[in-house]
Amino acid sequence: MMLKIENLDLNISKKHLLKNINLEIEKNDFFVLLGSTGSGKTLLIESIIGLHKYTGNIFYEGKSINNTKIEDKNFGVVFQNFALFPHKSVRENILFSIKMRKLPDGESKLKYLAEKFEITHLLDRNPKNLSGGEKQKVAIARAIIGNSKLLLMDEPFAAIDTAFRNIMYNFIKKVHKEFDLTTILITHNFDEAVFLADKIAVINKGEILQIGTPKNIFYQPKNKYIAQFVNSDNIFEIVKRDSKYFLGKIDIPLGQEFINKKYVVLHSENIIISKEKIKSSARFSILGKITAINQNLYHSIISIDAKNKFKVRITNQSLEKMNLKINGEIYLTFKESSLIFI
Amino acid sequence: MKKLIYLILIILSITLFLFIFIPLFKMIISANPKLITDALADKEIVSAILLSFKCALIATTIALIAGIPLSFYLARYDFPFKSLVEAVLDIPVMIPHTAVGIALLTVFGSRFFLGKLFNSIGIDFVGTEFGIIIGMMYVSLSYLINHAKSGFKNVDPKLEKAARTLGASSLKTFFYVTLPLAKNDILSGAIMMWARGLSEFGAVVILAYHPMTAPVLILERFQSYGLNYSKPIAVLLILICIVLFTLLRWVNNRKKY
């Protein structure tokens, strides 16, 4: 076990900001803390670093670090917007921890990292003259040069152009593997989390709501908030009418086994749309009307009103082939087994 | 319409600049050069100017040592009655400086507690350089405190947090990150304080008429010999200040990261 958090609570100015946090992070895990703005994810990372006085316990490699000074923890931290020192060159930034901790072989470590990260040509520049991606590389190099084994990153992609994010995702994954790191990364972006994480913890209002693999979180969200947060397209309330349970306003009766659940999630990839009714083993087939078509470069999102409001993603090629138009009628077909009850 | 607004703004800015510049310029060009060179040869004038610079420099140095921690504390932490503390620190620039002199005299005069205490270790504030220094310091300290405070406020706390995670203790973080980043504002404040201190008259004249600082000497010459004999000292002081402070500002502004 690399890091273990037990019953952590954080109160600042009489506000209960982190509530009974329990986490276990294994060595070499890529762990993502997923939550919206103000959910408490940065506070949690800052508590691990030692910037806040919390109650509860944090263990690092089996030893309590509750009373360890920040500077003695040797965690590599990449702050949001990178927090590179503007009065120091890239070289001085990267060597900062070597200087502060009086570590040997600073220059050779710098040379190795600079070559590995392809930033040798940037070493004598001022950080303000770097692009977002370059800043991120410098911040990571600075964080790990002192042999940190735990890397904590707070929204590292927020300051990077969307076009370069994929490159940086791969870069970070590579660094995580090659340097044998355990990484905790904060993000509000589920796609980012899916790409990077071995495990995800969803946090909201200072509470961990669910911990699991990306697949686990996506296909078995514990509640409506998580389902919404992980971009589930279709979330319907389970409605009780005449002692039977229905899928929202649609007259599809559900079995009694879902009696204690409140919502149904139906992922878009599990819905087949067609102009003619499909005769198949699929349980449900309903007719709806197209209310909107939102097309982007990669795919189209079709909004359909079939008593409940549905969203279905299809390729632009399919959109063209099917000749779909607003106000046109369309059949939605899905299996009962694809319904996720939460 | 937009052009008209720009024009009005430019005219207002130029007018304000000229309001400051013209009296200084007029004074410099109307001074008899012979009297200025005579003033430079006058030992009393030179020593008064040097005394002003020296005392203001000592006052600024003391304020830098004591004021930096105070400014940092005010910028970074909240505590009860903080606004009151900040208001008290601003008071010296608001009240008449002669009143400051009298207030200081009632505390540091030889008949009062602090005065007696300092007297016992051989420091007298009345009619000495010590008196000039505390007078200058009292009236100009807020310039340094406020500049330094705003300098510290402008340092992103995240940079300090980053330094801590990279192995720097809080003291090292202050000296390697916070102070260098607030340096320009602190130096600006120090320059302002020094400038304000050396031109101080009101508080200084109450505490120490002698030894004479340049502003006191200007008054003395004006009262004893008239305008023509006081003007060269004033011109000389203004010229030195303009050259010195332009140079300091340039050095301070030159290296911004």
# chains A, B, ... in the order shown; residues from 1 in each chain; ligands from 1

call {"tool": "closest_atom_pairs", "arguments": {"of": "chain A", "to": "chain B", "cutoff": "10 Å", "atoms": "only C-alpha atoms", "output": "CSV"}}
result
residue,atom,partner,partner_atom,distance
A:Glu46,CA,B:Lys161,CA,9.3
A:Ile49,CA,B:Thr165,CA,7.3
A:Gly50,CA,B:Thr165,CA,9.0
A:Leu51,CA,B:Lys161,CA,7.8
A:Lys69,CA,B:Ser169,CA,8.6
A:Ile70,CA,B:Thr165,CA,5.9
A:Glu71,CA,B:Gly167,CA,4.1
A:Asp72,CA,B:Gly167,CA,6.5
A:Lys73,CA,B:Thr165,CA,7.6
A:Asn74,CA,B:Thr165,CA,6.7
A:Phe75,CA,B:Thr165,CA,6.7
A:Gly76,CA,B:Thr165,CA,7.1
A:Val77,CA,B:Thr165,CA,6.7
A:Val78,CA,B:Ala162,CA,8.0
A:Phe79,CA,B:Ala162,CA,7.3
A:Gln80,CA,B:Lys158,CA,8.7
A:Asn81,CA,B:Lys158,CA,9.4
A:Phe82,CA,B:Ala162,CA,8.9
A:Ala83,CA,B:Leu159,CA,5.3
A:Leu84,CA,B:Leu159,CA,7.0
A:Phe85,CA,B:Leu159,CA,6.5
A:Pro86,CA,B:Tyr257,CA,6.5
A:His87,CA,B:Tyr257,CA,5.4
A:Lys88,CA,B:Tyr257,CA,8.2
A:Ser89,CA,B:Tyr257,CA,9.8
A:Asn93,CA,B:Ala163,CA,9.8
A:Ile94,CA,B:Leu166,CA,9.7
A:Leu95,CA,B:Leu166,CA,9.6
A:Phe96,CA,B:Leu166,CA,6.8
A:Ser97,CA,B:Leu166,CA,4.6
A:Ile98,CA,B:Leu166,CA,8.3
A:Lys99,CA,B:Gly167,CA,8.7
A:Met100,CA,B:Gly167,CA,5.4
A:Arg101,CA,B:Gly167,CA,5.7
A:Lys102,CA,B:Gly167,CA,9.3
A:Asn126,CA,B:Tyr257,CA,8.1
A:Pro127,CA,B:Tyr257,CA,9.9
A:Lys128,CA,B:Tyr257,CA,8.8
A:Ala139,CA,B:Ala162,CA,10.0
A:Arg142,CA,B:Leu166,CA,8.1
A:Ala143,CA,B:Leu166,CA,7.1
A:Ile144,CA,B:Leu166,CA,9.4
A:Ile145,CA,B:Leu166,CA,9.6
A:Gly146,CA,B:Leu166,CA,8.0
A:Ser148,CA,B:Leu166,CA,9.8

call {"tool": "residues_around", "arguments": {"residues": "segment 182-193 of chain B", "least_positions_apart": "2", "cutoff": "7 Å", "atoms": "only C-alpha atoms", "output": "list in words"}}
result
Thr60, Ser140, Leu141, Tyr143, Leu144, His147, Ala148, Gly151, Phe152, Val155, Thr178, Leu179, Pro180, Ala195, Arg196, Gly197 and Asn252 of chain B

call {"tool": "write_last_selection", "arguments": {"atoms": "all heavy atoms", "output": "compact mmCIF listing (two decimals), in the first residue's frame"}}
result
# COMPACT_ATOMS: atom_id res chain seq x y z
N THR B 60 15.31 54.50 6.73
CA THR B 60 14.78 53.52 5.76
C THR B 60 15.32 52.12 6.05
O THR B 60 14.59 51.14 5.97
CB THR B 60 15.12 53.95 4.32
OG1 THR B 60 14.70 55.29 4.14
CG2 THR B 60 14.43 53.07 3.30
N SER B 140 7.38 58.65 7.42
CA SER B 140 7.49 58.04 6.09
C SER B 140 7.35 56.51 6.09
O SER B 140 7.30 55.90 5.03
CB SER B 140 8.84 58.42 5.46
OG SER B 140 9.89 58.04 6.32
N LEU B 141 7.26 55.93 7.27
CA LEU B 141 7.21 54.47 7.39
C LEU B 141 6.06 53.83 6.57
O LEU B 141 6.22 52.79 5.94
CB LEU B 141 7.06 54.09 8.87
CG LEU B 141 7.09 52.62 9.23
CD1 LEU B 141 8.45 52.02 8.93
CD2 LEU B 141 6.75 52.42 10.70
N TYR B 143 4.80 54.52 3.80
CA TYR B 143 5.07 54.32 2.37
C TYR B 143 5.72 52.95 2.14
O TYR B 143 5.36 52.22 1.24
CB TYR B 143 6.00 55.41 1.83
CG TYR B 143 5.36 56.77 1.78
CD1 TYR B 143 5.53 57.69 2.81
CD2 TYR B 143 4.55 57.13 0.71
CE1 TYR B 143 4.92 58.93 2.77
CE2 TYR B 143 3.94 58.37 0.65
CZ TYR B 143 4.13 59.27 1.70
OH TYR B 143 3.52 60.48 1.65
N LEU B 144 6.67 52.64 2.99
CA LEU B 144 7.36 51.35 2.85
C LEU B 144 6.41 50.19 3.18
O LEU B 144 6.31 49.22 2.42
CB LEU B 144 8.57 51.30 3.79
CG LEU B 144 9.31 49.96 3.80
CD1 LEU B 144 10.08 49.75 2.51
CD2 LEU B 144 10.24 49.85 4.98
N HIS B 147 3.74 49.66 0.39
CA HIS B 147 4.31 49.10 -0.85
C HIS B 147 4.69 47.63 -0.64
O HIS B 147 4.40 46.79 -1.48
CB HIS B 147 5.54 49.89 -1.27
CG HIS B 147 5.23 51.04 -2.17
ND1 HIS B 147 4.73 52.22 -1.71
CD2 HIS B 147 5.31 51.17 -3.52
CE1 HIS B 147 4.55 53.05 -2.73
NE2 HIS B 147 4.88 52.43 -3.84
N ALA B 148 5.37 47.37 0.47
CA ALA B 148 5.83 45.99 0.73
C ALA B 148 4.62 45.06 0.89
O ALA B 148 4.60 43.95 0.36
CB ALA B 148 6.70 45.95 1.97
N GLY B 151 3.26 44.28 -2.38
CA GLY B 151 4.21 43.36 -3.03
C GLY B 151 4.00 41.93 -2.57
O GLY B 151 3.92 41.01 -3.37
N PHE B 152 3.86 41.74 -1.27
CA PHE B 152 3.67 40.39 -0.73
C PHE B 152 2.31 39.82 -1.16
O PHE B 152 2.17 38.64 -1.43
CB PHE B 152 3.77 40.38 0.79
CG PHE B 152 5.18 40.52 1.29
CD1 PHE B 152 5.53 41.51 2.21
CD2 PHE B 152 6.17 39.68 0.82
CE1 PHE B 152 6.84 41.64 2.66
CE2 PHE B 152 7.49 39.80 1.27
CZ PHE B 152 7.81 40.78 2.19
N VAL B 155 2.30 38.15 -4.51
CA VAL B 155 2.98 36.87 -4.70
C VAL B 155 1.94 35.74 -4.55
O VAL B 155 1.27 35.64 -3.53
CB VAL B 155 4.11 36.68 -3.65
CG1 VAL B 155 4.76 35.31 -3.80
CG2 VAL B 155 5.15 37.78 -3.80
N THR B 178 9.36 34.21 -1.83
CA THR B 178 8.49 35.35 -1.53
C THR B 178 9.24 36.69 -1.64
O THR B 178 8.79 37.60 -2.35
CB THR B 178 7.91 35.21 -0.10
OG1 THR B 178 7.51 33.86 0.09
CG2 THR B 178 6.73 36.12 0.08
N LEU B 179 10.36 36.78 -0.95
CA LEU B 179 11.09 38.05 -0.93
C LEU B 179 11.57 38.47 -2.32
O LEU B 179 11.35 39.62 -2.73
CB LEU B 179 12.25 37.95 0.07
CG LEU B 179 12.88 39.27 0.49
CD1 LEU B 179 11.87 40.21 1.11
CD2 LEU B 179 14.03 39.03 1.48
N PRO B 180 12.20 37.56 -3.09
CA PRO B 180 12.62 37.97 -4.45
C PRO B 180 11.45 38.44 -5.31
O PRO B 180 11.59 39.35 -6.12
CB PRO B 180 13.24 36.71 -5.04
CG PRO B 180 13.60 35.87 -3.89
CD PRO B 180 12.64 36.18 -2.80
N ALA B 195 12.83 59.13 0.10
CA ALA B 195 12.55 60.45 -0.48
C ALA B 195 11.71 61.29 0.47
O ALA B 195 11.99 62.47 0.70
CB ALA B 195 11.81 60.26 -1.80
N ARG B 196 10.68 60.67 1.03
CA ARG B 196 9.80 61.40 1.93
C ARG B 196 10.54 61.79 3.20
O ARG B 196 10.39 62.89 3.73
CB ARG B 196 8.58 60.51 2.27
CG ARG B 196 7.53 61.15 3.12
CD ARG B 196 6.89 62.30 2.36
NE ARG B 196 6.25 63.24 3.28
CZ ARG B 196 6.86 64.21 3.94
NH1 ARG B 196 8.16 64.37 3.78
NH2 ARG B 196 6.20 65.02 4.73
N GLY B 197 11.38 60.88 3.66
CA GLY B 197 12.14 61.13 4.89
C GLY B 197 13.10 62.29 4.73
O GLY B 197 13.17 63.18 5.59
N ASN B 252 15.41 49.93 -10.49
CA ASN B 252 14.33 49.10 -9.93
C ASN B 252 13.42 48.53 -11.01
O ASN B 252 13.00 47.38 -10.95
CB ASN B 252 13.52 49.95 -8.95
CG ASN B 252 12.60 49.10 -8.09
OD1 ASN B 252 12.85 47.92 -7.91
ND2 ASN B 252 11.56 49.69 -7.58

call {"tool": "closest_residue", "arguments": {"among": "A:Asp161, A:Glu178, A:Asp305, A:Glu269", "to": "Gly132 of chain A", "atoms": "only C-alpha atoms"}}
result
A:Asp161

call {"tool": "atom_distance", "arguments": {"atom1": "atom CA of Asn22 of chain A", "atom2": "atom CA of Lys4 of chain A"}}
result
7.6 Å

call {"tool": "residues_around", "arguments": {"residues": "Phe25 of chain B", "least_positions_apart": "5", "cutoff": "12 Å", "atoms": "only C-alpha atoms", "output": "mmCIF file with N, CA, C and O atoms, in the first residue's frame"}}
result
data_model
loop_
_atom_site.group_PDB
_atom_site.id
_atom_site.type_symbol
_atom_site.label_atom_id
_atom_site.label_comp_id
_atom_site.auth_asym_id
_atom_site.auth_seq_id
_atom_site.Cartn_x
_atom_site.Cartn_y
_atom_site.Cartn_z
ATOM 1 N N PHE B 17 0.839 66.364 -15.074
ATOM 2 C CA PHE B 17 2.297 66.252 -15.091
ATOM 3 C C PHE B 17 2.934 67.642 -15.028
ATOM 4 O O PHE B 17 3.869 67.876 -14.264
ATOM 5 N N LEU B 18 2.362 68.589 -15.833
ATOM 6 C CA LEU B 18 2.922 69.953 -15.856
ATOM 7 C C LEU B 18 2.763 70.657 -14.517
ATOM 8 O O LEU B 18 3.611 71.440 -14.103
ATOM 9 N N PHE B 19 1.675 70.347 -13.836
ATOM 10 C CA PHE B 19 1.416 70.926 -12.510
ATOM 11 C C PHE B 19 2.573 70.596 -11.549
ATOM 12 O O PHE B 19 2.985 71.416 -10.733
ATOM 13 N N ILE B 20 3.103 69.385 -11.680
ATOM 14 C CA ILE B 20 4.241 68.979 -10.849
ATOM 15 C C ILE B 20 5.541 69.563 -11.411
ATOM 16 O O ILE B 20 6.390 70.075 -10.682
ATOM 17 N N SER B 30 15.497 79.561 -12.929
ATOM 18 C CA SER B 30 15.591 80.952 -12.455
ATOM 19 C C SER B 30 16.696 81.134 -11.405
ATOM 20 O O SER B 30 16.992 82.242 -11.001
ATOM 21 N N ALA B 31 17.290 80.034 -10.987
ATOM 22 C CA ALA B 31 18.342 80.164 -9.967
ATOM 23 C C ALA B 31 19.630 80.678 -10.604
ATOM 24 O O ALA B 31 19.987 80.277 -11.711
ATOM 25 N N VAL B 235 17.292 74.408 -4.893
ATOM 26 C CA VAL B 235 17.551 73.930 -6.256
ATOM 27 C C VAL B 235 18.519 72.749 -6.222
ATOM 28 O O VAL B 235 18.309 71.729 -6.883
ATOM 29 N N ILE B 238 16.751 69.691 -5.005
ATOM 30 C CA ILE B 238 15.838 69.162 -6.035
ATOM 31 C C ILE B 238 16.625 68.444 -7.124
ATOM 32 O O ILE B 238 16.280 67.333 -7.536
ATOM 33 N N LEU B 239 17.725 69.081 -7.585
ATOM 34 C CA LEU B 239 18.516 68.467 -8.661
ATOM 35 C C LEU B 239 19.069 67.103 -8.231
ATOM 36 O O LEU B 239 18.977 66.122 -8.969
ATOM 37 N N ILE B 242 16.203 64.605 -8.096
ATOM 38 C CA ILE B 242 15.725 64.168 -9.421
ATOM 39 C C ILE B 242 16.685 63.147 -10.011
ATOM 40 O O ILE B 242 16.279 62.071 -10.461
#

call {"tool": "select_by_dssp", "arguments": {"residues": "segment 189-299 of chain A", "states": "helix (DSSP H, G or I)", "output": "count of residues only"}}
result
25

call {"tool": "residues_around", "arguments": {"residues": "Lys15 of chain A", "least_positions_apart": "4", "cutoff": "12 Å", "atoms": "only C-alpha atoms", "output": "JSON, numbers by chain"}}
result
{"A": [9, 10, 11, 19, 40, 205, 206]}

call {"tool": "select_by_dssp", "arguments": {"residues": "segment 6-236 of chain A", "states": "strand (DSSP E)", "output": "PyMOL selection string"}}
result
chain A and resi 6-12+15-25+30-34+55-60+63-64+76-78+150-154+182-187+199-204+207-212+234-236

call {"tool": "residues_around", "arguments": {"residues": "Gly135 of chain B", "least_positions_apart": "2", "cutoff": "6 Å", "atoms": "only C-alpha atoms", "output": "count of residues only"}}
result
6

call {"tool": "closest_residue", "arguments": {"among": "A:Ile273, A:Ala158, A:Ile211, A:Val194", "to": "Thr333 of chain A", "atoms": "only C-alpha atoms"}}
result
A:Ile273

call {"tool": "atom_distance", "arguments": {"atom1": "atom CA of Glu129 of chain B", "atom2": "atom CA of Leu40 of chain B"}}
result
22.4 Å

call {"tool": "residues_around", "arguments": {"residues": "Leu287 of chain A", "least_positions_apart": "2", "cutoff": "10 Å", "atoms": "only C-alpha atoms", "output": "list in words"}}
result
Ile273, Ser274, Lys275, Glu276, Lys277, Ser285, Lys289, Ile304, Asp305, Ala306, Lys307, Glu329, Ile330, Tyr331, Leu332 and Thr333 of chain A

call {"tool": "atom_distance", "arguments": {"atom1": "atom CA of Asn294 of chain A", "atom2": "atom CA of Ile272 of chain A"}}
result
17.8 Å

call {"tool": "closest_residue", "arguments": {"among": "A:Ala201, A:Ile140, A:Leu18, A:Ile342", "to": "Leu113 of chain A", "atoms": "only C-alpha atoms"}}
result
A:Ile140
